[in-house]
Structure formats: C-alpha cells, structure tokens
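Colleague: Sharing my_file-v6.cif below, mmCIF, C-alpha atoms:
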```cif
data_structure
#
loop_
_atom_site.group_PDB
_atom_site.id
_atom_site.type_symbol
_atom_site.label_atom_id
_atom_site.label_comp_id
_atom_site.auth_asym_id
_atom_site.auth_seq_id
_atom_site.Cartn_x
_atom_site.Cartn_y
_atom_site.Cartn_z
ATOM 1 C CA MET A 1 0.000 0.000 0.000
ATOM 2 C CA SER A 2 1.062 3.612 -0.495
ATOM 3 C CA PRO A 3 2.668 5.544 2.381
ATOM 4 C CA ALA A 4 0.357 7.201 4.884
ATOM 5 C CA ARG A 5 -1.050 10.660 4.362
ATOM 6 C CA LEU A 6 0.199 13.203 6.905
ATOM 7 C CA MET A 7 -2.314 14.773 9.285
ATOM 8 C CA ASP A 8 -1.154 18.381 9.263
ATOM 9 C CA GLY A 9 -1.927 19.626 12.762
ATOM 10 C CA ALA A 10 0.004 22.845 12.213
ATOM 11 C CA ALA A 11 -2.193 23.912 9.285
ATOM 12 C CA LEU A 12 -5.436 23.016 11.071
ATOM 13 C CA ALA A 13 -4.246 24.795 14.219
ATOM 14 C CA ARG A 14 -3.623 27.983 12.219
ATOM 15 C CA GLN A 15 -7.210 27.919 10.991
ATOM 16 C CA ILE A 16 -8.531 27.457 14.524
ATOM 17 C CA VAL A 17 -6.338 30.257 15.901
ATOM 18 C CA GLU A 18 -7.443 32.625 13.124
ATOM 19 C CA LYS A 19 -11.107 32.018 13.994
ATOM 20 C CA THR A 20 -10.285 32.312 17.693
ATOM 21 C CA ALA A 21 -8.557 35.662 17.115
ATOM 22 C CA GLN A 22 -11.609 36.951 15.256
ATOM 23 C CA ARG A 23 -13.875 35.881 18.093
ATOM 24 C CA ALA A 24 -11.545 37.410 20.701
ATOM 25 C CA ALA A 25 -11.507 40.722 18.826
ATOM 26 C CA ASP A 26 -15.308 40.727 18.562
ATOM 27 C CA LEU A 27 -15.655 39.896 22.259
ATOM 28 C CA THR A 28 -13.243 42.681 23.198
ATOM 29 C CA ASP A 29 -15.116 45.185 21.014
ATOM 30 C CA ARG A 30 -18.514 44.267 22.477
ATOM 31 C CA THR A 31 -17.519 44.048 26.148
ATOM 32 C CA GLY A 32 -14.463 46.285 26.430
ATOM 33 C CA THR A 33 -12.651 43.348 28.032
ATOM 34 C CA ALA A 34 -10.073 41.134 26.347
ATOM 35 C CA PRO A 35 -9.987 37.426 27.217
ATOM 36 C CA CYS A 36 -7.234 36.735 29.756
ATOM 37 C CA LEU A 37 -5.266 33.542 30.364
ATOM 38 C CA ALA A 38 -3.187 33.259 33.533
ATOM 39 C CA THR A 39 -0.284 30.818 33.285
ATOM 40 C CA VAL A 40 1.236 29.623 36.556
ATOM 41 C CA LEU A 41 4.818 28.369 36.420
ATOM 42 C CA VAL A 42 6.568 26.770 39.391
ATOM 43 C CA GLY A 43 10.351 26.899 39.154
ATOM 44 C CA GLU A 44 12.467 27.479 36.085
ATOM 45 C CA ASP A 45 12.529 24.163 34.251
ATOM 46 C CA PRO A 46 13.939 25.146 30.823
ATOM 47 C CA ALA A 47 11.335 23.197 28.825
ATOM 48 C CA SER A 48 8.477 24.632 30.882
ATOM 49 C CA VAL A 49 9.822 28.177 30.575
ATOM 50 C CA THR A 50 10.016 27.722 26.803
ATOM 51 C CA TYR A 51 6.467 26.321 26.622
ATOM 52 C CA VAL A 52 5.083 29.197 28.681
ATOM 53 C CA ARG A 53 6.842 31.785 26.521
ATOM 54 C CA MET A 54 5.477 30.119 23.390
ATOM 55 C CA LYS A 55 1.955 30.096 24.796
ATOM 56 C CA GLN A 56 2.250 33.776 25.710
ATOM 57 C CA ASN A 57 3.309 34.604 22.158
ATOM 58 C CA ARG A 58 0.398 32.615 20.742
ATOM 59 C CA CYS A 59 -1.977 34.390 23.110
ATOM 60 C CA ARG A 60 -0.827 37.796 21.916
ATOM 61 C CA ALA A 61 -1.233 36.741 18.288
ATOM 62 C CA ALA A 62 -4.822 35.688 19.053
ATOM 63 C CA GLY A 63 -5.781 38.865 20.919
ATOM 64 C CA ILE A 64 -5.732 37.182 24.325
ATOM 65 C CA ASP A 65 -4.135 38.866 27.323
ATOM 66 C CA SER A 66 -1.546 36.633 28.962
ATOM 67 C CA ARG A 67 -0.687 36.906 32.643
ATOM 68 C CA ARG A 68 2.427 35.013 33.741
ATOM 69 C CA VAL A 69 2.554 34.042 37.404
ATOM 70 C CA ALA A 70 6.062 32.800 38.214
ATOM 71 C CA LEU A 71 6.615 31.036 41.546
ATOM 72 C CA PRO A 72 9.915 29.779 42.980
ATOM 73 C CA ALA A 73 10.776 26.090 42.737
ATOM 74 C CA THR A 74 10.461 25.838 46.523
ATOM 75 C CA THR A 75 6.738 26.696 46.389
ATOM 76 C CA GLY A 76 4.732 24.126 48.334
ATOM 77 C CA THR A 77 1.257 22.738 47.797
ATOM 78 C CA GLU A 78 -0.463 25.155 50.161
ATOM 79 C CA GLU A 79 1.017 28.256 48.560
ATOM 80 C CA LEU A 80 0.329 27.007 45.036
ATOM 81 C CA VAL A 81 -3.258 26.122 45.910
ATOM 82 C CA GLY A 82 -3.693 29.603 47.388
ATOM 83 C CA THR A 83 -2.391 31.244 44.223
ATOM 84 C CA LEU A 84 -4.718 29.208 42.015
ATOM 85 C CA ARG A 85 -7.740 29.907 44.226
ATOM 86 C CA SER A 86 -6.947 33.611 44.127
ATOM 87 C CA LEU A 87 -6.811 33.552 40.327
ATOM 88 C CA SER A 88 -10.064 31.575 40.267
ATOM 89 C CA GLN A 89 -11.727 34.391 42.206
ATOM 90 C CA ASP A 90 -10.239 37.174 40.053
ATOM 91 C CA PRO A 91 -12.897 38.368 37.578
ATOM 92 C CA SER A 92 -10.233 39.775 35.249
ATOM 93 C CA VAL A 93 -8.859 36.258 34.666
ATOM 94 C CA HIS A 94 -10.960 34.005 32.424
ATOM 95 C CA GLY A 95 -8.729 30.954 32.044
ATOM 96 C CA ILE A 96 -6.024 29.335 34.181
ATOM 97 C CA LEU A 97 -3.211 27.073 33.056
ATOM 98 C CA LEU A 98 -0.910 25.378 35.563
ATOM 99 C CA GLN A 99 2.255 24.446 33.692
ATOM 100 C CA HIS A 100 3.280 20.960 34.706
ATOM 101 C CA PRO A 101 5.252 19.217 36.030
ATOM 102 C CA VAL A 102 5.304 21.221 39.251
ATOM 103 C CA GLY A 103 7.867 19.264 41.274
ATOM 104 C CA GLU A 104 7.572 16.032 43.220
ATOM 105 C CA HIS A 105 7.118 17.861 46.525
ATOM 106 C CA VAL A 106 3.825 19.388 45.310
ATOM 107 C CA ASP A 107 0.480 17.592 45.320
ATOM 108 C CA GLU A 108 -0.346 18.269 41.664
ATOM 109 C CA ARG A 109 -3.895 16.937 41.925
ATOM 110 C CA ALA A 110 -4.671 19.258 44.841
ATOM 111 C CA ALA A 111 -3.310 22.135 42.765
ATOM 112 C CA PHE A 112 -5.445 21.218 39.759
ATOM 113 C CA GLU A 113 -8.550 21.022 41.940
ATOM 114 C CA ALA A 114 -7.950 24.587 43.149
ATOM 115 C CA ILE A 115 -8.794 25.798 39.635
ATOM 116 C CA ALA A 116 -12.431 26.807 39.239
ATOM 117 C CA PRO A 117 -14.106 24.542 36.641
ATOM 118 C CA GLU A 118 -15.346 27.523 34.636
ATOM 119 C CA LYS A 119 -11.715 28.654 34.252
ATOM 120 C CA ASP A 120 -10.218 25.213 33.679
ATOM 121 C CA VAL A 121 -9.391 25.838 30.029
ATOM 122 C CA ASP A 122 -6.710 23.113 30.111
ATOM 123 C CA GLY A 123 -9.288 20.500 31.138
ATOM 124 C CA VAL A 124 -7.376 19.083 34.115
ATOM 125 C CA THR A 125 -9.896 19.035 36.972
ATOM 126 C CA PHE A 126 -12.165 16.226 38.135
ATOM 127 C CA ALA A 127 -15.105 18.333 36.974
ATOM 128 C CA SER A 128 -13.716 18.629 33.460
ATOM 129 C CA PHE A 129 -13.050 14.893 33.248
ATOM 130 C CA ALA A 130 -16.617 14.199 34.334
ATOM 131 C CA THR A 131 -18.145 16.540 31.775
ATOM 132 C CA MET A 132 -15.941 15.026 29.060
ATOM 133 C CA SER A 133 -16.973 11.530 30.061
ATOM 134 C CA PHE A 134 -20.687 12.304 30.177
ATOM 135 C CA GLY A 135 -20.745 14.573 27.129
ATOM 136 C CA LEU A 136 -21.852 17.595 29.137
ATOM 137 C CA PRO A 137 -20.868 21.248 28.568
ATOM 138 C CA GLY A 138 -17.399 21.992 29.879
ATOM 139 C CA PHE A 139 -13.799 22.110 28.789
ATOM 140 C CA VAL A 140 -11.915 19.160 27.339
ATOM 141 C CA SER A 141 -8.305 18.312 28.061
ATOM 142 C CA CYS A 142 -6.479 20.221 25.354
ATOM 143 C CA THR A 143 -4.420 17.472 23.746
ATOM 144 C CA PRO A 144 -7.316 14.966 23.592
ATOM 145 C CA GLY A 145 -9.599 17.706 22.299
ATOM 146 C CA GLY A 146 -7.062 18.575 19.624
ATOM 147 C CA ILE A 147 -6.786 14.922 18.623
ATOM 148 C CA MET A 148 -10.542 14.664 18.124
ATOM 149 C CA ARG A 149 -10.507 17.800 15.968
ATOM 150 C CA LEU A 150 -7.757 16.253 13.832
ATOM 151 C CA LEU A 151 -9.784 13.064 13.360
ATOM 152 C CA ASP A 152 -12.800 15.111 12.296
ATOM 153 C CA ALA A 153 -10.750 17.241 9.889
ATOM 154 C CA TYR A 154 -9.544 14.104 8.121
ATOM 155 C CA ASP A 155 -13.004 12.480 8.068
ATOM 156 C CA VAL A 156 -12.114 9.722 10.504
ATOM 157 C CA ASP A 157 -15.327 8.565 12.173
ATOM 158 C CA PRO A 158 -14.456 6.549 15.307
ATOM 159 C CA ALA A 159 -17.888 4.874 15.413
ATOM 160 C CA GLY A 160 -17.562 1.105 15.266
ATOM 161 C CA LYS A 161 -13.769 1.225 15.096
ATOM 162 C CA ARG A 162 -11.368 -0.351 17.551
ATOM 163 C CA ALA A 163 -9.247 2.340 19.187
ATOM 164 C CA VAL A 164 -6.151 1.520 21.221
ATOM 165 C CA VAL A 165 -4.801 4.194 23.575
ATOM 166 C CA VAL A 166 -1.245 3.565 24.726
ATOM 167 C CA GLY A 167 -0.950 5.562 27.954
ATOM 168 C CA ARG A 168 -3.261 6.286 30.868
ATOM 169 C CA SER A 169 -2.314 9.729 32.162
ATOM 170 C CA ALA A 170 -5.069 11.801 33.732
ATOM 171 C CA ILE A 171 -4.831 14.606 31.178
ATOM 172 C CA LEU A 172 -4.106 12.679 27.978
ATOM 173 C CA GLY A 173 -4.563 8.913 27.884
ATOM 174 C CA LYS A 174 -7.666 8.562 30.032
ATOM 175 C CA PRO A 175 -9.615 11.521 28.601
ATOM 176 C CA VAL A 176 -8.850 10.745 24.944
ATOM 177 C CA GLY A 177 -10.192 7.251 25.545
ATOM 178 C CA MET A 178 -13.392 8.683 26.992
ATOM 179 C CA LEU A 179 -13.813 11.071 24.053
ATOM 180 C CA LEU A 180 -13.355 8.186 21.614
ATOM 181 C CA LEU A 181 -15.829 6.082 23.593
ATOM 182 C CA ALA A 182 -18.337 8.926 23.415
ATOM 183 C CA ARG A 183 -17.983 8.771 19.630
ATOM 184 C CA ASN A 184 -18.854 5.051 19.680
ATOM 185 C CA ALA A 185 -15.380 3.601 19.290
ATOM 186 C CA THR A 186 -14.489 0.383 21.119
ATOM 187 C CA VAL A 187 -11.620 1.534 23.320
ATOM 188 C CA THR A 188 -8.741 -0.444 24.812
ATOM 189 C CA TYR A 189 -6.287 1.215 27.194
ATOM 190 C CA CYS A 190 -2.705 -0.061 27.260
ATOM 191 C CA HIS A 191 0.070 0.846 29.668
ATOM 192 C CA SER A 192 3.380 -0.250 31.159
ATOM 193 C CA ARG A 193 1.903 -3.498 32.482
ATOM 194 C CA THR A 194 0.021 -4.507 29.350
ATOM 195 C CA ALA A 195 1.080 -8.016 28.324
ATOM 196 C CA ASP A 196 2.113 -8.302 24.660
ATOM 197 C CA LEU A 197 1.387 -4.691 23.713
ATOM 198 C CA ALA A 198 2.216 -5.360 20.067
ATOM 199 C CA SER A 199 -0.612 -7.889 19.697
ATOM 200 C CA VAL A 200 -3.143 -5.368 21.033
ATOM 201 C CA VAL A 201 -1.900 -2.588 18.757
ATOM 202 C CA ARG A 202 -2.181 -4.898 15.727
ATOM 203 C CA GLU A 203 -5.958 -5.017 16.217
ATOM 204 C CA ALA A 204 -6.400 -1.253 16.259
ATOM 205 C CA ASP A 205 -8.112 0.811 13.566
ATOM 206 C CA ILE A 206 -7.045 3.938 15.496
ATOM 207 C CA VAL A 207 -3.856 4.069 17.578
ATOM 208 C CA VAL A 208 -3.189 6.913 20.002
ATOM 209 C CA ALA A 209 0.347 6.746 21.377
ATOM 210 C CA ALA A 210 0.618 8.857 24.526
ATOM 211 C CA VAL A 211 3.041 7.208 26.915
ATOM 212 C CA GLY A 212 6.280 9.201 26.602
ATOM 213 C CA ARG A 213 8.535 6.412 25.362
ATOM 214 C CA PRO A 214 10.357 7.065 22.098
ATOM 215 C CA ARG A 215 9.416 4.853 19.142
ATOM 216 C CA LEU A 216 7.484 2.439 21.363
ATOM 217 C CA VAL A 217 4.928 1.687 18.641
ATOM 218 C CA ARG A 218 6.665 -0.018 15.728
ATOM 219 C CA GLY A 219 5.499 -0.036 12.144
ATOM 220 C CA GLU A 220 5.344 -3.816 12.010
ATOM 221 C CA ASP A 221 2.701 -3.702 14.736
ATOM 222 C CA VAL A 222 0.443 -1.219 12.918
ATOM 223 C CA LYS A 223 -2.580 -2.703 11.201
ATOM 224 C CA PRO A 224 -2.549 -1.905 7.476
ATOM 225 C CA GLY A 225 -4.759 1.141 6.888
ATOM 226 C CA ALA A 226 -4.871 2.182 10.553
ATOM 227 C CA VAL A 227 -4.928 5.812 11.676
ATOM 228 C CA VAL A 228 -1.920 6.567 13.883
ATOM 229 C CA ILE A 229 -1.953 9.542 16.267
ATOM 230 C CA ASP A 230 1.409 10.196 17.923
ATOM 231 C CA ALA A 231 0.849 12.357 21.001
ATOM 232 C CA GLY A 232 4.319 11.702 22.386
ATOM 233 C CA TYR A 233 7.212 14.106 22.366
ATOM 234 C CA ASN A 234 10.683 12.978 23.367
ATOM 235 C CA GLU A 235 14.156 14.418 23.164
ATOM 236 C CA GLY A 236 15.328 14.968 19.609
ATOM 237 C CA ASN A 237 11.857 15.626 18.136
ATOM 238 C CA VAL A 238 10.999 11.948 18.398
ATOM 239 C CA GLY A 239 7.496 10.715 19.082
ATOM 240 C CA ASP A 240 6.164 7.535 20.674
ATOM 241 C CA VAL A 241 5.749 5.960 17.218
ATOM 242 C CA ASP A 242 8.525 4.816 14.903
ATOM 243 C CA PHE A 243 7.344 7.198 12.206
ATOM 244 C CA ASP A 244 9.147 5.871 9.132
ATOM 245 C CA SER A 245 8.067 2.276 9.542
ATOM 246 C CA ALA A 246 4.530 3.125 10.721
ATOM 247 C CA ALA A 247 3.976 5.448 7.761
ATOM 248 C CA GLU A 248 4.491 2.484 5.430
ATOM 249 C CA ARG A 249 1.421 0.727 6.852
ATOM 250 C CA ALA A 250 -0.908 3.429 8.206
ATOM 251 C CA SER A 251 -3.450 5.310 6.090
ATOM 252 C CA LEU A 252 -3.085 8.512 8.130
ATOM 253 C CA ILE A 253 -0.368 9.515 10.599
ATOM 254 C CA THR A 254 0.589 12.594 12.595
ATOM 255 C CA PRO A 255 4.162 13.876 12.351
ATOM 256 C CA VAL A 256 6.285 14.918 15.332
ATOM 257 C CA PRO A 257 6.545 17.859 15.493
ATOM 258 C CA GLY A 258 3.693 19.488 13.575
ATOM 259 C CA GLY A 259 0.908 17.055 14.384
ATOM 260 C CA VAL A 260 -0.732 16.953 17.799
ATOM 261 C CA GLY A 261 1.349 19.692 19.487
ATOM 262 C CA PRO A 262 -0.033 22.714 17.575
ATOM 263 C CA MET A 263 -3.569 21.403 18.087
ATOM 264 C CA THR A 264 -3.055 21.377 21.862
ATOM 265 C CA ILE A 265 -2.237 25.084 21.945
ATOM 266 C CA ALA A 266 -5.005 25.969 19.474
ATOM 267 C CA THR A 267 -7.538 24.173 21.693
ATOM 268 C CA LEU A 268 -6.239 26.019 24.768
ATOM 269 C CA LEU A 269 -6.678 29.410 23.084
ATOM 270 C CA GLU A 270 -10.111 28.534 21.734
ATOM 271 C CA GLN A 271 -11.311 27.385 25.156
ATOM 272 C CA THR A 272 -9.913 30.527 26.810
ATOM 273 C CA VAL A 273 -12.003 32.734 24.541
ATOM 274 C CA GLU A 274 -15.032 30.513 25.128
ATOM 275 C CA ALA A 275 -14.505 30.782 28.899
ATOM 276 C CA ALA A 276 -14.303 34.569 28.641
ATOM 277 C CA ALA A 277 -17.483 34.694 26.576
ATOM 278 C CA ARG A 278 -19.373 32.643 29.172
ATOM 279 C CA GLN A 279 -18.081 34.682 32.107
ATOM 280 C CA LEU A 280 -18.806 37.984 30.397
ATOM 281 C CA GLY A 281 -22.258 36.829 29.351
ATOM 282 C CA ALA A 282 -21.414 37.383 25.711
#
```
Once you've parsed the file, please lay out its structure as structure tokens.
Modeller:
Amino acid sequence: MSPARLMDGAALARQIVEKTAQRAADLTDRTGTAPCLATVLVGEDPASVTYVRMKQNRCRAAGIDSRRVALPATTGTEELVGTLRSLSQDPSVHGILLQHPVGEHVDERAAFEAIAPEKDVDGVTFASFATMSFGLPGFVSCTPGGIMRLLDAYDVDPAGKRAVVVGRSAILGKPVGMLLLARNATVTYCHSRTADLASVVREADIVVAAVGRPRLVRGEDVKPGAVVIDAGYNEGNVGDVDFDSAAERASLITPVPGGVGPMTIATLLEQTVEAAARQLGA
C-alpha cells in the first residue's frame, strides 16, 4: 500500500487560531474586556519556561491577554493552591493554566482542583473529566480535544472502530479514551503493564500513542490502513511511534513535530475565549 497521508496539525491549528482571534476581537469590542489567560509556572525548568513563553506569544497573536505568574521552585502545595484559588476568584482572569510538572514535593492533583471549573481551560480538573466523560458542557483536556478535531478534519469517524490508547495519564490517555468512547469507538487502554502490547496494537483501527517512550509503537505492529496519532514528544523531536516504519502501513499519521502539538495550543486558546465569553455573558 502507499505511504500514509500526513495529518497536518500545524495547518489546522492555524485555521482554529485565526477564527479564535476573530472571536476574541469581537468579544473585546462588544464588552471592552479582552480574554485573559493566567499561566502559573513553578520553578524554572527550561522546557516549561520555553512552553510558557510560546503560549504567551500565541496568546498575543490571538488577541488574548496573557498573565504570567512565576513562583519559585520551593513553592509548596499550600502556597500554590492559594495562588490558584486567588486567580479563580479574580474576575479579570478568564482561564487558568498550571504548567506541569510542578515538582515532586507538590500535590499536583490538589493544585489542579484549586482551579475553578469555569476557568479550567486546560481540562485538568475532576469536573472537566466528568463533563468530558458524560458529554456535558465543559472544557476538554487540550491534547485529547485537539486529537478529536484532527480526526474530524480528516473524516475519521471513530464509530464502530477499535481504538487503542497507549498511555493512561489523567490529562491525555484517560480523557482521549473517553472522548473516543463517546464517539462510539471500542476503546482499549494499554500501559506499562500490558502483556504483549504489540498484539493489542495490531488489532487497532485507530492508535493513540501517549506514553512518553520514544518509538514504542513499531510499524510492524500497525494494522494496514490504521490511523496513527502520535501524542508523544521525546528528546530529539521523536514521538512515541517509529514514524518511518509506521507510515508504510498506516493510512493517516501525525508527524512529530507538527501534528498533535499545535492542536493542543489551538484548543487552549479557543477554550480561553469561550470561557471569557461565558463569564462575560457574551
């Protein structure tokens, strides 16, 4: 069969951000208030600092105010929770993003739960997971939400298909499985203790690799014609899928970079503007 067609997340993300910028400008004109995203960063991890700077630049390009809240690496759970609760109560802030990881000494789940659900534009709280799972109004986890938008853009209907999610993190693996289930896919979760992972992957019509292990999914284990979504990012611009070999068997595949990553940020910006619109009654 011919090599897989690339799923261009960067191009789709640009379209979403353009529409988001138009909506942000209209909202600002009508209310006199620009949407505002507060990004909380604990410590100075180089990768996190880079991500935050990139998100701030994308916010500015989309007409969204960006507030950076930098806390020292020694910040404990109680102080971080207090900061997030304060931002949740600040009417000038419409969305809150806690850049993770936050350090092993911090209870990350307690920090996430300090974010008000109506401002949880990154989709990390229990409330957001519940609304995702039950198909109720709320905010989706950004990477899973971006993945679903990519599937839709390339006319991939999950209904009736077998989807295998490799990874079970609270903000990627678990929620993307629930979103696929809501679209009538038959979902299997795999993880570090899955016996004979390759045999499970071989049955998948849709593979979502989201475990953080470079080239874990090999091309020989991809079902011919499957759709392969690589949500991993490892050192050296390497994903969780062995791209070259998988592209020989898949029908559609996301590149790394340029696939899922841009969609994550586009979803974050879109949900920030939506949160502002709801809070401003517009």
Colleague: Would you write out, as a list in words, every residue that the PyMOL selection byres ((chain A and resi 147) around 9) captures in this file?
Modeller: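 What the PyMOL selection byres ((chain A and resi 147) around 9) grabs from the file is Gly9, Cys142, Thr143, Pro144, Gly145, Gly146, Met148, Arg149, Leu150, Leu151, Asp152, Val176, Val208, Ile229, Ala231, Val260, Met263 and Thr264 of chain A.
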Colleague: Which of these, A:Gly103, A:Gly281, A:Pro35, A:Gly43, has the shortest distance to Leu269 (chain A) once you count all atoms listed in the file?
Modeller: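 Looking at the shortest contact to Leu269 (chain A), the residue is A:Pro35.
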Colleague: What does the PyMOL selection byres ((chain A and resi 266) around 9) select in this file, as a list in words?
Modeller: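 Against this file, the PyMOL selection byres ((chain A and resi 266) around 9) returns the residues Leu12, Ala13, Arg14, Gln15, Ile16, Val17, Thr20, Arg58, Cys142, Gly146, Gly261, Pro262, Met263, Thr264, Ile265, Thr267, Leu268, Leu269, Glu270 and Gln271 of chain A.
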Colleague: Go ahead and compute the interatomic distance for CA of Ala195 (chain A) and CA of Tyr233 (chain A), in Å to one decimal.
Modeller: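 Going from CA of Ala195 (chain A) over to CA of Tyr233 (chain A), I get 23.7 Å.
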Colleague: Return the single residue from A:Asp240, A:Asp65, A:Glu79, A:Asp155 that is closest to Ala34 (chain A), with distances computed using only C-alpha atoms.
Modeller: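 Of A:Asp240, A:Asp65, A:Glu79, A:Asp155, the one nearest Ala34 (chain A), counting only C-alpha atoms, is A:Asp65.
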Colleague: Would you mind listing what lies within 10 Å of Glu274 (chain A) as a PDB file with C-alpha atoms, in the frame of the given file, with only C-alpha atoms counted and same-chain residues fewer than 4 positions away left out?
Modeller:
```
ATOM      1  CA  THR A  20     -10.285  32.312  17.693  1.00  0.00           C
ATOM      2  CA  ARG A  23     -13.875  35.881  18.093  1.00  0.00           C
ATOM      3  CA  ALA A  24     -11.545  37.410  20.701  1.00  0.00           C
ATOM      4  CA  LEU A  27     -15.655  39.896  22.259  1.00  0.00           C
ATOM      5  CA  PRO A  35      -9.987  37.426  27.217  1.00  0.00           C
ATOM      6  CA  HIS A  94     -10.960  34.005  32.424  1.00  0.00           C
ATOM      7  CA  GLY A  95      -8.729  30.954  32.044  1.00  0.00           C
ATOM      8  CA  GLU A 118     -15.346  27.523  34.636  1.00  0.00           C
ATOM      9  CA  LYS A 119     -11.715  28.654  34.252  1.00  0.00           C
ATOM     10  CA  VAL A 121      -9.391  25.838  30.029  1.00  0.00           C
ATOM     11  CA  PHE A 139     -13.799  22.110  28.789  1.00  0.00           C
ATOM     12  CA  LEU A 268      -6.239  26.019  24.768  1.00  0.00           C
ATOM     13  CA  LEU A 269      -6.678  29.410  23.084  1.00  0.00           C
ATOM     14  CA  GLU A 270     -10.111  28.534  21.734  1.00  0.00           C
ATOM     15  CA  ARG A 278     -19.373  32.643  29.172  1.00  0.00           C
ATOM     16  CA  GLN A 279     -18.081  34.682  32.107  1.00  0.00           C
ATOM     17  CA  LEU A 280     -18.806  37.984  30.397  1.00  0.00           C
ATOM     18  CA  ALA A 282     -21.414  37.383  25.711  1.00  0.00           C
TER      19      ALA A 282
END
```
Colleague: To test your reading of the syntax: which residues would the PyMOL selection byres ((chain A and resi 219-227) around 7) return for the file shown? Reply as a list of chain:residue names.
Modeller: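 Taken over the shown coordinates, the PyMOL selection byres ((chain A and resi 219-227) around 7) returns A:Ala198, A:Val201, A:Arg202, A:Glu203, A:Ala204, A:Asp205, A:Ile206, A:Val207, A:Val217, A:Arg218, A:Val228, A:Ile229, A:Asp242, A:Ser245, A:Ala246, A:Arg249, A:Ala250, A:Ser251, A:Leu252, A:Ile253.
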Colleague: Compare A:Ala159, A:Val256, A:Val273, A:Ala10 by their minimum atom-to-atom distance to Asn184 (chain A), counting only C-alpha atoms, and give me the closest one.
Modeller: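 Residue with the minimum atom-to-atom distance to Asn184 (chain A): A:Ala159.
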Colleague: So how many Å separate CA of Phe134 (chain A) and CA of Ile171 (chain A), to one decimal?
Modeller: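 Distance reported for this atom pair: 16.1 Å.
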Colleague: Given all atoms listed in the file as the basis, pick out the residue of A:Gly63, A:Gly160, A:Pro117, A:Gly239 nearest to Leu84 (chain A).
Modeller: A:Pro117
Colleague: Just to confirm, what's the straight-line distance from CA of Val187 (chain A) to CA of Phe129 (chain A) in Å (one decimal)?
Modeller: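 Computed distance, CA of Val187 (chain A) to CA of Phe129 (chain A), equals 16.7 Å.
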Colleague: I need the residue nearest Thr33 (chain A) from this list: A:Ala277, A:Thr125, A:Gly135, A:Pro101. Use only C-alpha atoms for the distance.
Modeller: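 Closest to Thr33 (chain A) of all the choices is A:Ala277.
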Colleague: Looking at all atoms listed in the file, which of A:Met54, A:Ser128, A:Gly138, A:Thr272 is the one that sits closest to Ala21 (chain A)?
Modeller: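 Once distances to Ala21 (chain A) are computed over all atoms listed in the file, the minimum belongs to A:Thr272.
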Colleague: If we count all atoms listed in the file, what is near Ser66 (chain A) at a cut-off of 6 Å, once residues fewer than 4 positions away on the same chain are taken out, given as a count of residues only?
Modeller: 4
Colleague: Determine, counting all atoms listed in the file, every residue of protein, DNA or RNA that lies within 8 Å of (-11.2, 3.5, 21.8) in the file coordinates, then give the result as a list in words.
Modeller: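 Looking at atoms near the point gives Pro158, Lys161, Arg162, Ala163, Val164, Val165, Gly177, Met178, Leu180, Leu181, Ala185, Thr186, Val187, Thr188, Tyr189 and Ile206 of chain A.
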Colleague: Can you save region 61-73 of chain A of the given block to a file, including N, CA, C and O atoms and formatted as an mmCIF file, in the first residue's frame?
Modeller:
```cif
data_model
loop_
_atom_site.group_PDB
_atom_site.id
_atom_site.type_symbol
_atom_site.label_atom_id
_atom_site.label_comp_id
_atom_site.auth_asym_id
_atom_site.auth_seq_id
_atom_site.Cartn_x
_atom_site.Cartn_y
_atom_site.Cartn_z
ATOM 1 N N ALA A 61 -0.855 36.809 19.703
ATOM 2 C CA ALA A 61 -1.233 36.741 18.288
ATOM 3 C C ALA A 61 -2.741 36.539 18.124
ATOM 4 O O ALA A 61 -3.310 36.932 17.095
ATOM 5 N N ALA A 62 -3.388 35.957 19.133
ATOM 6 C CA ALA A 62 -4.822 35.688 19.053
ATOM 7 C C ALA A 62 -5.654 36.746 19.775
ATOM 8 O O ALA A 62 -6.875 36.579 19.911
ATOM 9 N N GLY A 63 -5.031 37.816 20.235
ATOM 10 C CA GLY A 63 -5.781 38.865 20.919
ATOM 11 C C GLY A 63 -6.202 38.508 22.322
ATOM 12 O O GLY A 63 -7.189 39.038 22.848
ATOM 13 N N ILE A 64 -5.444 37.614 22.958
ATOM 14 C CA ILE A 64 -5.732 37.182 24.325
ATOM 15 C C ILE A 64 -4.662 37.746 25.254
ATOM 16 O O ILE A 64 -3.470 37.599 24.989
ATOM 17 N N ASP A 65 -5.086 38.396 26.327
ATOM 18 C CA ASP A 65 -4.135 38.866 27.323
ATOM 19 C C ASP A 65 -3.522 37.666 28.043
ATOM 20 O O ASP A 65 -4.219 36.703 28.357
ATOM 21 N N SER A 66 -2.234 37.732 28.296
ATOM 22 C CA SER A 66 -1.546 36.633 28.962
ATOM 23 C C SER A 66 -0.903 37.145 30.242
ATOM 24 O O SER A 66 -0.104 38.076 30.209
ATOM 25 N N ARG A 67 -1.258 36.537 31.351
ATOM 26 C CA ARG A 67 -0.687 36.906 32.643
ATOM 27 C C ARG A 67 0.201 35.767 33.136
ATOM 28 O O ARG A 67 -0.277 34.651 33.350
ATOM 29 N N ARG A 68 1.475 36.033 33.288
ATOM 30 C CA ARG A 68 2.427 35.013 33.741
ATOM 31 C C ARG A 68 2.636 35.138 35.238
ATOM 32 O O ARG A 68 3.029 36.201 35.728
ATOM 33 N N VAL A 69 2.363 34.073 35.958
ATOM 34 C CA VAL A 69 2.554 34.042 37.404
ATOM 35 C C VAL A 69 3.695 33.074 37.689
ATOM 36 O O VAL A 69 3.528 31.852 37.608
ATOM 37 N N ALA A 70 4.874 33.623 37.993
ATOM 38 C CA ALA A 70 6.062 32.800 38.214
ATOM 39 C C ALA A 70 6.280 32.621 39.714
ATOM 40 O O ALA A 70 6.359 33.601 40.464
ATOM 41 N N LEU A 71 6.386 31.365 40.138
ATOM 42 C CA LEU A 71 6.615 31.036 41.546
ATOM 43 C C LEU A 71 7.938 30.300 41.681
ATOM 44 O O LEU A 71 8.345 29.569 40.782
ATOM 45 N N PRO A 72 8.628 30.469 42.805
ATOM 46 C CA PRO A 72 9.915 29.779 42.980
ATOM 47 C C PRO A 72 9.744 28.271 43.052
ATOM 48 O O PRO A 72 8.670 27.758 43.389
ATOM 49 N N ALA A 73 10.812 27.552 42.737
ATOM 50 C CA ALA A 73 10.776 26.090 42.737
ATOM 51 C C ALA A 73 10.462 25.523 44.111
ATOM 52 O O ALA A 73 9.998 24.385 44.233
#
```
